[in-house]
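Q: See target_19.pdb below, with PDB, C-alpha atoms.
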ATOM      1  CA  VAL A 605     -45.915 159.458 115.533  1.00  0.00           C
ATOM      2  CA  GLN A 606     -44.438 161.624 118.255  1.00  0.00           C
ATOM      3  CA  LEU A 607     -43.748 165.323 118.079  1.00  0.00           C
ATOM      4  CA  GLN A 608     -41.213 166.590 120.595  1.00  0.00           C
ATOM      5  CA  ALA A 609     -41.202 170.344 121.078  1.00  0.00           C
ATOM      6  CA  SER A 610     -38.571 172.310 122.941  1.00  0.00           C
ATOM      7  CA  GLY A 611     -37.275 175.824 123.447  1.00  0.00           C
ATOM      8  CA  GLY A 612     -39.967 177.584 125.422  1.00  0.00           C
ATOM      9  CA  GLY A 613     -39.284 179.769 128.435  1.00  0.00           C
ATOM     10  CA  LEU A 614     -39.529 183.184 130.035  1.00  0.00           C
ATOM     11  CA  VAL A 615     -38.326 186.219 128.098  1.00  0.00           C
ATOM     12  CA  GLN A 616     -38.650 189.968 128.466  1.00  0.00           C
ATOM     13  CA  PRO A 617     -40.666 192.018 125.966  1.00  0.00           C
ATOM     14  CA  GLY A 618     -38.585 192.639 122.876  1.00  0.00           C
ATOM     15  CA  GLY A 619     -36.598 189.476 123.401  1.00  0.00           C
ATOM     16  CA  SER A 620     -36.252 186.344 121.284  1.00  0.00           C
ATOM     17  CA  LEU A 621     -36.824 182.622 121.603  1.00  0.00           C
ATOM     18  CA  LYS A 622     -36.437 179.718 119.210  1.00  0.00           C
ATOM     19  CA  LEU A 623     -38.768 176.734 119.341  1.00  0.00           C
ATOM     20  CA  SER A 624     -37.974 173.395 117.736  1.00  0.00           C
ATOM     21  CA  CYS A 625     -40.102 170.370 116.983  1.00  0.00           C
ATOM     22  CA  ALA A 626     -38.895 166.981 115.811  1.00  0.00           C
ATOM     23  CA  ALA A 627     -41.173 164.274 114.415  1.00  0.00           C
ATOM     24  CA  SER A 628     -40.380 160.608 114.993  1.00  0.00           C
ATOM     25  CA  GLY A 629     -42.008 157.210 114.688  1.00  0.00           C
ATOM     26  CA  ARG A 630     -42.672 157.423 110.973  1.00  0.00           C
ATOM     27  CA  THR A 631     -40.811 158.651 107.926  1.00  0.00           C
ATOM     28  CA  PHE A 632     -42.861 161.108 105.935  1.00  0.00           C
ATOM     29  CA  GLY A 633     -42.103 161.023 102.259  1.00  0.00           C
ATOM     30  CA  GLY A 634     -43.209 163.534  99.705  1.00  0.00           C
ATOM     31  CA  THR A 635     -45.061 166.609 100.803  1.00  0.00           C
ATOM     32  CA  TYR A 636     -46.224 166.956 104.370  1.00  0.00           C
ATOM     33  CA  THR A 637     -46.992 169.964 106.489  1.00  0.00           C
ATOM     34  CA  MET A 638     -45.653 171.043 109.871  1.00  0.00           C
ATOM     35  CA  GLY A 639     -46.574 174.115 111.792  1.00  0.00           C
ATOM     36  CA  TRP A 640     -47.139 175.901 115.060  1.00  0.00           C
ATOM     37  CA  PHE A 641     -50.256 176.888 116.937  1.00  0.00           C
ATOM     38  CA  ARG A 642     -50.632 178.570 120.303  1.00  0.00           C
ATOM     39  CA  GLN A 643     -53.198 178.720 123.065  1.00  0.00           C
ATOM     40  CA  ALA A 644     -53.429 181.383 125.716  1.00  0.00           C
ATOM     41  CA  PRO A 645     -55.423 180.861 128.936  1.00  0.00           C
ATOM     42  CA  GLY A 646     -59.135 181.119 128.276  1.00  0.00           C
ATOM     43  CA  LYS A 647     -58.694 181.312 124.520  1.00  0.00           C
ATOM     44  CA  GLU A 648     -58.987 178.904 121.640  1.00  0.00           C
ATOM     45  CA  ARG A 649     -55.970 177.398 119.959  1.00  0.00           C
ATOM     46  CA  GLU A 650     -54.871 179.642 117.108  1.00  0.00           C
ATOM     47  CA  PHE A 651     -52.644 179.341 114.086  1.00  0.00           C
ATOM     48  CA  VAL A 652     -49.159 180.858 114.230  1.00  0.00           C
ATOM     49  CA  ALA A 653     -47.130 179.612 111.243  1.00  0.00           C
ATOM     50  CA  ALA A 654     -46.828 176.584 108.973  1.00  0.00           C
ATOM     51  CA  GLY A 655     -45.504 175.343 105.680  1.00  0.00           C
ATOM     52  CA  ARG A 656     -44.990 172.299 103.531  1.00  0.00           C
ATOM     53  CA  MET A 657     -41.796 170.502 104.484  1.00  0.00           C
ATOM     54  CA  GLY A 658     -40.945 169.824 100.834  1.00  0.00           C
ATOM     55  CA  GLY A 659     -40.705 173.507 100.106  1.00  0.00           C
ATOM     56  CA  GLY A 660     -42.935 176.333  99.043  1.00  0.00           C
ATOM     57  CA  THR A 661     -44.658 179.202 100.749  1.00  0.00           C
ATOM     58  CA  GLN A 662     -44.613 179.600 104.487  1.00  0.00           C
ATOM     59  CA  PHE A 663     -47.760 180.989 106.045  1.00  0.00           C
ATOM     60  CA  TYR A 664     -48.020 183.248 109.069  1.00  0.00           C
ATOM     61  CA  ALA A 665     -50.750 184.680 111.236  1.00  0.00           C
ATOM     62  CA  ASP A 666     -51.070 188.429 110.828  1.00  0.00           C
ATOM     63  CA  ALA A 667     -50.179 188.921 114.498  1.00  0.00           C
ATOM     64  CA  VAL A 668     -46.696 187.432 114.019  1.00  0.00           C
ATOM     65  CA  LYS A 669     -45.756 188.468 110.475  1.00  0.00           C
ATOM     66  CA  GLY A 670     -42.386 190.174 110.359  1.00  0.00           C
ATOM     67  CA  ARG A 671     -41.471 188.933 113.840  1.00  0.00           C
ATOM     68  CA  PHE A 672     -41.634 185.141 113.607  1.00  0.00           C
ATOM     69  CA  THR A 673     -39.884 182.922 111.072  1.00  0.00           C
ATOM     70  CA  ILE A 674     -40.549 179.232 110.479  1.00  0.00           C
ATOM     71  CA  SER A 675     -37.767 177.086 109.052  1.00  0.00           C
ATOM     72  CA  ARG A 676     -37.413 173.404 108.286  1.00  0.00           C
ATOM     73  CA  GLU A 677     -34.898 170.591 108.258  1.00  0.00           C
ATOM     74  CA  ASN A 678     -36.429 167.929 106.058  1.00  0.00           C
ATOM     75  CA  ALA A 679     -33.819 165.248 106.704  1.00  0.00           C
ATOM     76  CA  LYS A 680     -34.478 165.496 110.429  1.00  0.00           C
ATOM     77  CA  GLN A 681     -38.250 165.985 110.101  1.00  0.00           C
ATOM     78  CA  THR A 682     -37.767 169.057 112.239  1.00  0.00           C
ATOM     79  CA  VAL A 683     -39.341 172.487 112.147  1.00  0.00           C
ATOM     80  CA  HIS A 684     -38.184 175.584 114.009  1.00  0.00           C
ATOM     81  CA  LEU A 685     -39.916 178.803 114.979  1.00  0.00           C
ATOM     82  CA  GLN A 686     -37.668 181.814 115.511  1.00  0.00           C
ATOM     83  CA  MET A 687     -39.591 184.391 117.520  1.00  0.00           C
ATOM     84  CA  ASN A 688     -38.222 187.929 117.677  1.00  0.00           C
ATOM     85  CA  SER A 689     -39.561 191.176 119.131  1.00  0.00           C
ATOM     86  CA  LEU A 690     -41.736 189.203 121.497  1.00  0.00           C
ATOM     87  CA  LYS A 691     -44.716 190.902 123.105  1.00  0.00           C
ATOM     88  CA  PRO A 692     -46.685 190.049 126.253  1.00  0.00           C
ATOM     89  CA  GLU A 693     -49.596 189.027 124.033  1.00  0.00           C
ATOM     90  CA  ASP A 694     -47.411 186.264 122.579  1.00  0.00           C
ATOM     91  CA  THR A 695     -47.607 184.495 125.936  1.00  0.00           C
ATOM     92  CA  ALA A 696     -49.170 181.077 125.393  1.00  0.00           C
ATOM     93  CA  VAL A 697     -48.530 177.375 125.191  1.00  0.00           C
ATOM     94  CA  TYR A 698     -47.104 176.700 121.748  1.00  0.00           C
ATOM     95  CA  TYR A 699     -47.986 173.450 120.007  1.00  0.00           C
ATOM     96  CA  CYS A 700     -46.263 171.789 117.109  1.00  0.00           C
ATOM     97  CA  ALA A 701     -48.546 170.103 114.588  1.00  0.00           C
ATOM     98  CA  LEU A 702     -48.137 167.799 111.600  1.00  0.00           C
ATOM     99  CA  THR A 703     -50.209 166.298 108.838  1.00  0.00           C
ATOM    100  CA  ALA A 704     -49.091 163.891 106.126  1.00  0.00           C
ATOM    101  CA  ARG A 705     -50.957 165.985 103.578  1.00  0.00           C
ATOM    102  CA  GLY A 706     -49.613 169.004 101.785  1.00  0.00           C
ATOM    103  CA  LEU A 707     -51.961 171.724 102.967  1.00  0.00           C
ATOM    104  CA  ILE A 708     -52.722 174.819 100.960  1.00  0.00           C
ATOM    105  CA  ALA A 709     -53.437 178.407 101.864  1.00  0.00           C
ATOM    106  CA  SER A 710     -57.146 177.834 102.386  1.00  0.00           C
ATOM    107  CA  THR A 711     -56.670 174.965 104.847  1.00  0.00           C
ATOM    108  CA  ILE A 712     -53.269 175.352 106.499  1.00  0.00           C
ATOM    109  CA  LYS A 713     -54.549 177.548 109.342  1.00  0.00           C
ATOM    110  CA  PHE A 714     -57.190 175.184 110.669  1.00  0.00           C
ATOM    111  CA  VAL A 715     -56.599 173.063 113.770  1.00  0.00           C
ATOM    112  CA  GLY A 716     -58.717 170.233 112.380  1.00  0.00           C
ATOM    113  CA  GLU A 717     -56.443 169.732 109.360  1.00  0.00           C
ATOM    114  CA  TYR A 718     -53.590 168.387 111.487  1.00  0.00           C
ATOM    115  CA  ASP A 719     -53.336 164.761 112.586  1.00  0.00           C
ATOM    116  CA  TYR A 720     -50.517 164.864 115.108  1.00  0.00           C
ATOM    117  CA  TRP A 721     -49.737 167.269 117.940  1.00  0.00           C
ATOM    118  CA  GLY A 722     -46.832 167.840 120.276  1.00  0.00           C
ATOM    119  CA  GLN A 723     -47.147 168.205 124.025  1.00  0.00           C
ATOM    120  CA  GLY A 724     -46.861 171.977 124.023  1.00  0.00           C
ATOM    121  CA  THR A 725     -44.176 174.286 125.332  1.00  0.00           C
ATOM    122  CA  GLN A 726     -44.829 177.370 127.459  1.00  0.00           C
ATOM    123  CA  VAL A 727     -43.705 180.774 126.221  1.00  0.00           C
ATOM    124  CA  THR A 728     -44.043 183.635 128.695  1.00  0.00           C
ATOM    125  CA  VAL A 729     -43.229 187.206 127.739  1.00  0.00           C
ATOM    126  CA  SER A 730     -43.051 189.391 130.806  1.00  0.00           C
ATOM    127  CA  SER A 731     -40.874 191.981 132.448  1.00  0.00           C
TER     128      SER A 731
END
Kindly present the structure from the file in structure tokens form.
A:
Amino acid sequence: VQLQASGGGLVQPGGSLKLSCAASGRTFGGTYTMGWFRQAPGKEREFVAAGRMGGGTQFYADAVKGRFTISRENAKQTVHLQMNSLKPEDTAVYYCALTARGLIASTIKFVGEYDYWGQGTQVTVSS
């Protein structure tokens, strides 16, 4: 399974970016979960947003609620992350992640629950 992420870049504070991640190499039937994590220099990888691809609740980290929106295209096994009102503290490498399992609220935020990871895309918010 390969996860190909795209859409990172440099943006000014208050600006927007849209990340995309497409899964290939296997067709996931039923319920599976895709999401986004990020890692800033010197910090641990942290949860950003995720949801089951078959539908249902999307989950967000408190730091991004109201600013970031995750969306999905099941037929293309693709997940997007629309990031608005970006702040300098959003600067990080953003990673796409996937597991064949349908995660729930108590597990969806943990790095160890995901089986596949993308290569990461850099997001820099700076004036």
Q: Do you have the CA of Tyr698 (chain A)-CA of Gly670 (chain A) distance handy?
A: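 That distance, rounded to one decimal, is 18.3 Å.
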Q: Figure out the distance between CA of Asp719 (chain A) and CA of Phe641 (chain A), please, to one decimal in Å.
A: 13.2 Å
Q: Looking at A:Thr661, A:Thr711, A:Gln643, A:Gln608, which one is nearest to Val697 (chain A), with distances taken over all atoms listed in the file?
A: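 Going through A:Thr661, A:Thr711, A:Gln643, A:Gln608 one by one, the smallest distance to Val697 (chain A) is for A:Gln643.
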Q: Identify all residues satisfying the PyMOL selection byres ((chain A and resi 638) around 7) in the given file; provide them as a VMD selection string.
A: chain A and resid 636 to 637 639 654 to 657 683 701 to 703
Q: Would you output that residue set with C-alpha atoms, as a PDB file, in the frame of the given file?
A:
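That gives us result.pdb:
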ATOM      1  CA  TYR A 636     -46.224 166.956 104.370  1.00  0.00           C
ATOM      2  CA  THR A 637     -46.992 169.964 106.489  1.00  0.00           C
ATOM      3  CA  GLY A 639     -46.574 174.115 111.792  1.00  0.00           C
ATOM      4  CA  ALA A 654     -46.828 176.584 108.973  1.00  0.00           C
ATOM      5  CA  GLY A 655     -45.504 175.343 105.680  1.00  0.00           C
ATOM      6  CA  ARG A 656     -44.990 172.299 103.531  1.00  0.00           C
ATOM      7  CA  MET A 657     -41.796 170.502 104.484  1.00  0.00           C
ATOM      8  CA  VAL A 683     -39.341 172.487 112.147  1.00  0.00           C
ATOM      9  CA  ALA A 701     -48.546 170.103 114.588  1.00  0.00           C
ATOM     10  CA  LEU A 702     -48.137 167.799 111.600  1.00  0.00           C
ATOM     11  CA  THR A 703     -50.209 166.298 108.838  1.00  0.00           C
TER      12      THR A 703
END
Q: Rounded to one decimal in Å, what is the spacing between CA of Gly658 (chain A) and CA of Asn678 (chain A)?
A: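 The value is 7.2 Å.
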Q: Show me, as a PyMOL selection string, the residues that have an atom within 12 Å of region 612-617 of chain A when counting all atoms listed in the file, minus same-chain residues fewer than 4 positions from it.
A: chain A and resi 621-625+642+684-700+723-731
Q: A:Arg671, A:Ala626, A:Thr635, A:Gly646: which is nearest Arg705 (chain A), counting only C-alpha atoms?
A: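 Of A:Arg671, A:Ala626, A:Thr635, A:Gly646, the one nearest Arg705 (chain A) is A:Thr635, counting only C-alpha atoms.
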